[in-house]
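The structure file query.cif is reproduced below (mmCIF, N, CA and C atoms).
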```
data_data
#
loop_
_atom_site.label_atom_id
_atom_site.label_comp_id
_atom_site.auth_asym_id
_atom_site.auth_seq_id
_atom_site.Cartn_x
_atom_site.Cartn_y
_atom_site.Cartn_z
N MET A 1 0.82 -1.19 0.00
CA MET A 1 0.00 0.00 0.00
C MET A 1 0.87 1.27 0.00
N PHE A 2 1.97 1.25 0.75
CA PHE A 2 2.87 2.39 0.77
C PHE A 2 3.43 2.66 -0.62
N GLU A 3 3.81 1.62 -1.32
CA GLU A 3 4.39 1.78 -2.66
C GLU A 3 3.40 2.46 -3.61
N ASP A 4 2.11 2.17 -3.46
CA ASP A 4 1.09 2.85 -4.26
C ASP A 4 1.08 4.35 -3.96
N PHE A 5 1.16 4.67 -2.68
CA PHE A 5 1.21 6.07 -2.26
C PHE A 5 2.46 6.73 -2.83
N TRP A 6 3.61 6.10 -2.66
CA TRP A 6 4.88 6.67 -3.10
C TRP A 6 4.89 6.89 -4.61
N GLU A 7 4.29 5.99 -5.32
CA GLU A 7 4.19 6.11 -6.79
C GLU A 7 3.45 7.39 -7.18
N LEU A 8 2.41 7.74 -6.43
CA LEU A 8 1.59 8.90 -6.75
C LEU A 8 2.14 10.22 -6.22
N TYR A 9 2.91 10.16 -5.14
CA TYR A 9 3.38 11.39 -4.51
C TYR A 9 4.45 12.04 -5.39
N PRO A 10 4.30 13.34 -5.68
CA PRO A 10 5.18 13.97 -6.67
C PRO A 10 6.60 14.26 -6.21
N ARG A 11 6.81 14.47 -4.94
CA ARG A 11 8.16 14.83 -4.47
C ARG A 11 8.84 13.60 -3.90
N LYS A 12 9.78 13.08 -4.64
CA LYS A 12 10.42 11.80 -4.31
C LYS A 12 11.69 12.00 -3.48
N VAL A 13 11.52 12.49 -2.25
CA VAL A 13 12.64 12.62 -1.32
C VAL A 13 12.23 12.05 0.03
N GLY A 14 13.18 11.51 0.77
CA GLY A 14 12.92 11.01 2.12
C GLY A 14 12.01 9.80 2.16
N LYS A 15 12.26 8.85 1.28
CA LYS A 15 11.38 7.68 1.21
C LYS A 15 11.36 6.89 2.52
N LYS A 16 12.51 6.75 3.15
CA LYS A 16 12.59 5.99 4.41
C LYS A 16 11.73 6.66 5.49
N MET A 17 11.85 7.98 5.60
CA MET A 17 11.05 8.71 6.59
C MET A 17 9.55 8.64 6.25
N ALA A 18 9.25 8.68 4.97
CA ALA A 18 7.85 8.57 4.54
C ALA A 18 7.29 7.19 4.89
N ARG A 19 8.10 6.16 4.69
CA ARG A 19 7.66 4.80 5.03
C ARG A 19 7.40 4.69 6.54
N THR A 20 8.25 5.32 7.35
CA THR A 20 8.07 5.32 8.81
C THR A 20 6.78 6.04 9.19
N ALA A 21 6.55 7.19 8.57
CA ALA A 21 5.32 7.94 8.84
C ALA A 21 4.09 7.14 8.42
N TRP A 22 4.20 6.45 7.28
CA TRP A 22 3.10 5.63 6.77
C TRP A 22 2.78 4.50 7.77
N ALA A 23 3.80 3.89 8.33
CA ALA A 23 3.61 2.77 9.25
C ALA A 23 2.87 3.20 10.52
N LYS A 24 2.97 4.48 10.89
CA LYS A 24 2.28 4.99 12.08
C LYS A 24 0.79 5.23 11.85
N LEU A 25 0.37 5.28 10.60
CA LEU A 25 -1.04 5.57 10.31
C LEU A 25 -1.91 4.35 10.56
N THR A 26 -3.16 4.61 10.91
CA THR A 26 -4.14 3.52 11.01
C THR A 26 -4.51 3.08 9.59
N ASN A 27 -5.16 1.95 9.48
CA ASN A 27 -5.59 1.48 8.15
C ASN A 27 -6.54 2.48 7.49
N LYS A 28 -7.43 3.08 8.28
CA LYS A 28 -8.36 4.08 7.73
C LYS A 28 -7.59 5.30 7.22
N GLN A 29 -6.59 5.74 7.97
CA GLN A 29 -5.80 6.89 7.54
C GLN A 29 -5.02 6.58 6.26
N LYS A 30 -4.54 5.35 6.15
CA LYS A 30 -3.84 4.96 4.93
C LYS A 30 -4.77 5.03 3.72
N VAL A 31 -5.98 4.53 3.90
CA VAL A 31 -6.97 4.59 2.81
C VAL A 31 -7.29 6.04 2.48
N ASP A 32 -7.47 6.87 3.52
CA ASP A 32 -7.77 8.29 3.31
C ASP A 32 -6.63 8.99 2.59
N ALA A 33 -5.40 8.69 2.97
CA ALA A 33 -4.23 9.31 2.33
C ALA A 33 -4.16 8.93 0.86
N LEU A 34 -4.37 7.66 0.57
CA LEU A 34 -4.36 7.22 -0.83
C LEU A 34 -5.48 7.88 -1.63
N ALA A 35 -6.64 8.03 -0.99
CA ALA A 35 -7.77 8.64 -1.68
C ALA A 35 -7.55 10.13 -1.93
N ALA A 36 -6.81 10.77 -1.03
CA ALA A 36 -6.62 12.22 -1.12
C ALA A 36 -5.49 12.63 -2.05
N ILE A 37 -4.53 11.77 -2.27
CA ILE A 37 -3.31 12.19 -2.98
C ILE A 37 -3.59 12.70 -4.39
N ASN A 38 -4.52 12.10 -5.10
CA ASN A 38 -4.81 12.56 -6.46
C ASN A 38 -5.34 14.00 -6.47
N ASN A 39 -6.19 14.32 -5.48
CA ASN A 39 -6.68 15.70 -5.40
C ASN A 39 -5.55 16.66 -5.05
N TYR A 40 -4.62 16.22 -4.23
CA TYR A 40 -3.48 17.08 -3.90
C TYR A 40 -2.60 17.32 -5.12
N VAL A 41 -2.39 16.30 -5.91
CA VAL A 41 -1.60 16.47 -7.13
C VAL A 41 -2.30 17.47 -8.06
N LYS A 42 -3.61 17.34 -8.19
CA LYS A 42 -4.38 18.31 -9.00
C LYS A 42 -4.24 19.72 -8.43
N TYR A 43 -4.35 19.82 -7.12
CA TYR A 43 -4.25 21.12 -6.44
C TYR A 43 -2.88 21.76 -6.69
N TRP A 44 -1.82 20.99 -6.51
CA TRP A 44 -0.47 21.53 -6.72
C TRP A 44 -0.26 21.96 -8.17
N LYS A 45 -0.83 21.20 -9.10
CA LYS A 45 -0.72 21.58 -10.51
C LYS A 45 -1.52 22.84 -10.79
N LEU A 46 -2.73 22.90 -10.25
CA LEU A 46 -3.60 24.06 -10.44
C LEU A 46 -2.96 25.33 -9.90
N LYS A 47 -2.31 25.21 -8.75
CA LYS A 47 -1.66 26.36 -8.13
C LYS A 47 -0.24 26.58 -8.66
N GLU A 48 0.18 25.72 -9.60
CA GLU A 48 1.52 25.80 -10.17
C GLU A 48 2.59 25.82 -9.07
N THR A 49 2.41 24.93 -8.11
CA THR A 49 3.32 24.84 -6.97
C THR A 49 4.67 24.29 -7.41
N ASP A 50 5.72 25.04 -7.13
CA ASP A 50 7.07 24.58 -7.42
C ASP A 50 7.36 23.35 -6.55
N LEU A 51 8.05 22.40 -7.10
CA LEU A 51 8.33 21.15 -6.39
C LEU A 51 8.97 21.39 -5.03
N ASP A 52 9.78 22.43 -4.92
CA ASP A 52 10.42 22.75 -3.64
C ASP A 52 9.42 23.13 -2.55
N PHE A 53 8.21 23.53 -2.94
CA PHE A 53 7.21 23.94 -1.97
C PHE A 53 6.16 22.86 -1.69
N ILE A 54 6.33 21.72 -2.30
CA ILE A 54 5.49 20.56 -1.97
C ILE A 54 6.17 19.88 -0.78
N PRO A 55 5.43 19.63 0.30
CA PRO A 55 6.08 19.04 1.48
C PRO A 55 6.62 17.64 1.20
N HIS A 56 7.63 17.27 1.95
CA HIS A 56 8.11 15.89 1.87
C HIS A 56 6.93 14.99 2.24
N ALA A 57 6.92 13.81 1.70
CA ALA A 57 5.82 12.87 1.96
C ALA A 57 5.67 12.59 3.45
N SER A 58 6.79 12.49 4.17
CA SER A 58 6.71 12.21 5.61
C SER A 58 6.01 13.36 6.34
N THR A 59 6.30 14.59 5.95
CA THR A 59 5.64 15.75 6.56
C THR A 59 4.16 15.72 6.26
N TRP A 60 3.82 15.46 5.01
CA TRP A 60 2.43 15.41 4.57
C TRP A 60 1.65 14.35 5.37
N LEU A 61 2.28 13.22 5.59
CA LEU A 61 1.63 12.14 6.33
C LEU A 61 1.57 12.43 7.83
N ASN A 62 2.69 12.87 8.42
CA ASN A 62 2.73 13.15 9.86
C ASN A 62 1.74 14.25 10.25
N GLN A 63 1.56 15.23 9.38
CA GLN A 63 0.64 16.32 9.68
C GLN A 63 -0.80 15.99 9.27
N GLU A 64 -0.99 14.77 8.76
CA GLU A 64 -2.31 14.32 8.32
C GLU A 64 -2.94 15.32 7.35
N ARG A 65 -2.13 15.80 6.43
CA ARG A 65 -2.58 16.79 5.45
C ARG A 65 -3.66 16.22 4.54
N PHE A 66 -3.76 14.90 4.47
CA PHE A 66 -4.79 14.27 3.65
C PHE A 66 -6.19 14.58 4.16
N GLU A 67 -6.30 15.14 5.36
CA GLU A 67 -7.60 15.52 5.90
C GLU A 67 -7.93 16.99 5.66
N ASP A 68 -7.00 17.74 5.06
CA ASP A 68 -7.25 19.15 4.76
C ASP A 68 -8.33 19.28 3.68
N GLU A 69 -9.00 20.42 3.71
CA GLU A 69 -9.96 20.74 2.66
C GLU A 69 -9.24 21.57 1.61
N LEU A 70 -9.37 21.17 0.35
CA LEU A 70 -8.70 21.87 -0.73
C LEU A 70 -9.70 22.65 -1.57
N ASP A 71 -9.26 23.79 -2.06
CA ASP A 71 -10.07 24.58 -2.98
C ASP A 71 -9.55 24.32 -4.38
N LEU A 72 -10.27 23.49 -5.14
CA LEU A 72 -9.84 23.12 -6.48
C LEU A 72 -10.50 23.96 -7.56
N THR A 73 -11.10 25.08 -7.18
CA THR A 73 -11.72 25.93 -8.20
C THR A 73 -10.62 26.67 -8.97
N VAL A 74 -10.85 26.79 -10.24
CA VAL A 74 -9.90 27.48 -11.11
C VAL A 74 -10.11 28.98 -10.95
N LYS A 75 -9.04 29.66 -10.63
CA LYS A 75 -9.12 31.11 -10.49
C LYS A 75 -9.11 31.72 -11.88
N SER A 76 -9.76 32.88 -11.99
CA SER A 76 -9.74 33.57 -13.27
C SER A 76 -8.31 34.03 -13.57
N GLU A 77 -8.09 34.34 -14.81
CA GLU A 77 -6.76 34.78 -15.20
C GLU A 77 -6.40 36.06 -14.47
N ARG A 78 -5.13 36.33 -14.45
CA ARG A 78 -4.67 37.57 -13.82
C ARG A 78 -5.36 38.75 -14.48
N PRO A 79 -5.65 39.77 -13.70
CA PRO A 79 -6.31 40.94 -14.29
C PRO A 79 -5.42 41.58 -15.36
N LYS A 80 -6.08 42.10 -16.39
CA LYS A 80 -5.34 42.77 -17.44
C LYS A 80 -4.75 44.06 -16.90
N LEU A 81 -3.57 44.36 -17.37
CA LEU A 81 -2.94 45.61 -16.99
C LEU A 81 -3.64 46.76 -17.72
N PRO A 82 -3.75 47.91 -17.10
CA PRO A 82 -4.37 49.05 -17.78
C PRO A 82 -3.50 49.51 -18.95
N TRP A 83 -4.11 50.11 -19.92
CA TRP A 83 -3.41 50.50 -21.15
C TRP A 83 -2.26 51.47 -20.90
N TYR A 84 -2.34 52.22 -19.83
CA TYR A 84 -1.31 53.22 -19.54
C TYR A 84 -0.14 52.68 -18.71
N SER A 85 -0.12 51.38 -18.42
CA SER A 85 0.90 50.82 -17.54
C SER A 85 2.23 50.54 -18.23
N SER A 86 2.25 50.51 -19.55
CA SER A 86 3.52 50.31 -20.25
C SER A 86 3.47 51.05 -21.58
N ASP A 87 4.63 51.31 -22.11
CA ASP A 87 4.70 51.99 -23.41
C ASP A 87 4.02 51.16 -24.49
N GLN A 88 4.26 49.85 -24.48
CA GLN A 88 3.68 48.97 -25.49
C GLN A 88 2.15 48.99 -25.42
N LEU A 89 1.58 48.87 -24.21
CA LEU A 89 0.12 48.89 -24.08
C LEU A 89 -0.45 50.25 -24.46
N THR A 90 0.29 51.32 -24.17
CA THR A 90 -0.15 52.66 -24.56
C THR A 90 -0.21 52.77 -26.08
N MET A 91 0.83 52.28 -26.75
CA MET A 91 0.85 52.33 -28.22
C MET A 91 -0.28 51.51 -28.82
N GLU A 92 -0.53 50.32 -28.27
CA GLU A 92 -1.63 49.47 -28.76
C GLU A 92 -2.97 50.16 -28.56
N HIS A 93 -3.14 50.80 -27.42
CA HIS A 93 -4.39 51.51 -27.13
C HIS A 93 -4.58 52.66 -28.11
N GLY A 94 -3.51 53.39 -28.37
CA GLY A 94 -3.59 54.48 -29.34
C GLY A 94 -3.97 53.99 -30.72
N GLN A 95 -3.43 52.83 -31.12
CA GLN A 95 -3.78 52.25 -32.42
C GLN A 95 -5.26 51.89 -32.47
N LYS A 96 -5.78 51.31 -31.39
CA LYS A 96 -7.21 50.96 -31.34
C LYS A 96 -8.08 52.20 -31.49
N LEU A 97 -7.62 53.29 -30.90
CA LEU A 97 -8.39 54.54 -30.98
C LEU A 97 -8.12 55.30 -32.28
N GLY A 98 -7.12 54.86 -33.02
CA GLY A 98 -6.77 55.55 -34.25
C GLY A 98 -6.02 56.85 -34.01
N ILE A 99 -5.32 56.93 -32.90
CA ILE A 99 -4.57 58.14 -32.55
C ILE A 99 -3.09 57.77 -32.45
N ALA A 100 -2.30 58.31 -33.37
CA ALA A 100 -0.87 58.01 -33.38
C ALA A 100 -0.12 59.02 -32.51
N ALA A 101 1.02 58.59 -32.04
CA ALA A 101 1.89 59.51 -31.29
C ALA A 101 2.44 60.54 -32.27
N ARG A 102 2.57 61.75 -31.81
CA ARG A 102 3.11 62.83 -32.64
C ARG A 102 4.63 62.82 -32.55
N PRO A 103 5.30 63.25 -33.62
CA PRO A 103 6.77 63.33 -33.57
C PRO A 103 7.20 64.25 -32.43
N GLY A 104 8.15 63.80 -31.62
CA GLY A 104 8.67 64.59 -30.53
C GLY A 104 7.82 64.57 -29.27
N GLU A 105 6.67 63.92 -29.34
CA GLU A 105 5.77 63.85 -28.17
C GLU A 105 6.31 62.80 -27.19
N SER A 106 6.39 63.15 -25.91
CA SER A 106 6.84 62.17 -24.91
C SER A 106 5.71 61.16 -24.67
N MET A 107 6.07 60.04 -24.09
CA MET A 107 5.05 59.02 -23.80
C MET A 107 4.03 59.56 -22.82
N GLN A 108 4.47 60.37 -21.86
CA GLN A 108 3.54 60.95 -20.89
C GLN A 108 2.56 61.90 -21.58
N GLN A 109 3.05 62.68 -22.51
CA GLN A 109 2.16 63.58 -23.26
C GLN A 109 1.17 62.78 -24.10
N TYR A 110 1.65 61.71 -24.71
CA TYR A 110 0.79 60.84 -25.52
C TYR A 110 -0.29 60.20 -24.65
N ARG A 111 0.10 59.73 -23.48
CA ARG A 111 -0.88 59.13 -22.57
C ARG A 111 -1.93 60.16 -22.15
N SER A 112 -1.49 61.37 -21.87
CA SER A 112 -2.44 62.43 -21.48
C SER A 112 -3.42 62.71 -22.60
N ARG A 113 -2.91 62.73 -23.82
CA ARG A 113 -3.79 62.98 -24.97
C ARG A 113 -4.78 61.83 -25.16
N LEU A 114 -4.30 60.60 -24.99
CA LEU A 114 -5.21 59.46 -25.11
C LEU A 114 -6.25 59.45 -24.00
N ALA A 115 -5.84 59.83 -22.79
CA ALA A 115 -6.76 59.83 -21.66
C ALA A 115 -7.85 60.88 -21.82
N SER A 116 -7.56 61.94 -22.58
CA SER A 116 -8.56 63.00 -22.74
C SER A 116 -9.64 62.62 -23.75
N VAL A 117 -9.42 61.56 -24.49
CA VAL A 117 -10.39 61.10 -25.50
C VAL A 117 -11.31 60.07 -24.85
N TRP A 118 -12.60 60.34 -24.87
CA TRP A 118 -13.53 59.37 -24.29
C TRP A 118 -13.79 58.27 -25.31
N SER A 119 -13.72 57.05 -24.84
CA SER A 119 -14.02 55.90 -25.68
C SER A 119 -14.29 54.71 -24.77
N PRO A 120 -15.17 53.79 -25.22
CA PRO A 120 -15.35 52.57 -24.44
C PRO A 120 -14.05 51.79 -24.28
N LEU A 121 -13.10 51.98 -25.19
CA LEU A 121 -11.81 51.30 -25.08
C LEU A 121 -10.97 51.88 -23.97
N SER A 122 -11.27 53.12 -23.57
CA SER A 122 -10.49 53.75 -22.51
C SER A 122 -10.83 53.17 -21.14
N ALA A 123 -11.95 52.56 -21.03
CA ALA A 123 -12.40 52.03 -19.74
C ALA A 123 -11.62 50.81 -19.34
#
```
Could you quickly redo this structure as C-alpha cells?
Amino acid sequence: MFEDFWELYPRKVGKKMARTAWAKLTNKQKVDALAAINNYVKYWKLKETDLDFIPHASTWLNQERFEDELDLTVKSERPKLPWYSSDQLTMEHGQKLGIAARPGESMQQYRSRLASVWSPLSA
C-alpha cells in the first residue's frame, strides 16, 4: 500500500522517513491518504506549486494533510494591466483609438492625450 502512495506522490525525497510515517497511520488513515493524494496532485498543478514547496511525503503524512480541505476551483486569469501601464500597451491603445503619437511627443504627453479622449476602449 505504501508503494502505491509513493508512486503517486510527486516529491520523491525522504522515502525511508515517509515509510516510517506511513507505518504509524491507522488502516483508515492509509486509505484516506491514498484517496486524497490525487486531489493534492491536481491542487499543486492548479496552483503551479514549485516542487520545492510541496512538502516531503513524511511531513504530509505526519501532519495528516490528507484531511485538509482543498479549494480546487480554477481562479480567473490575472487581471489585465491598464493600457497606460507600459509603453507597449499605450501604443496598442492608441492604435485601437486611431490616434498616433506625434513626432517629438513624450510618452507621458501621448498618454495624457489618449486619456482626454472618451471611448469605451479607454475604460
Checklist entry - Care to translate the PyMOL selection byres ((chain A and resi 103-114) around 8) into actual residues of this file, as a list in words? => result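 When the PyMOL selection byres ((chain A and resi 103-114) around 8) is applied, the selected residues are Trp83, Tyr84, Asp87, Thr90, His93, Gly94, Ile99, Ala100, Ala101, Arg102, Ala115, Ser116, Val117, Trp118, Ser119 and Ser122 of chain A.
Distance annotation: of A:Gly98, A:Ser58, A:Ile37, A:Arg11, the residue with the minimal separation from Ala23 in chain A is A:Ser58; atom set is only C-alpha atoms.
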Item to check | Residues near range 40-43 of chain A, cut-off 12 Å, only C-alpha atoms, skip fewer than 4 positions along chain, as a ChimeraX atom specification | outcome: /A:5,7-11,33-36,47-51,54-55,57,60,65-75
Item to check | Proximity to Arg19 in chain A - best of A:Asp52, A:Glu64, A:Glu92, A:Glu3, only C-alpha atoms | outcome: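 Using only C-alpha atoms, the shortest distance to Arg19 in chain A belongs to A:Glu3.
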Checklist entry - At what distance in Å, to one decimal, does atom N of Ala18 in chain A lie from CA of Leu46 in chain A? => result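 According to the coordinates, CA of Leu46 in chain A and atom N of Ala18 in chain A are separated by 25.3 Å.
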Item to check | Length of the atom N of Lys80 in chain A to atom N of Phe53 in chain A vector [Å] | outcome: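 Taking atom N of Lys80 in chain A as the start and atom N of Phe53 in chain A as the end point, the length is 27.0 Å.
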Item to check | Gap from atom C of Thr20 in chain A to atom N of Trp6 in chain A - Å, one decimal | outcome: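 Here the two named atoms are 12.3 Å from each other.
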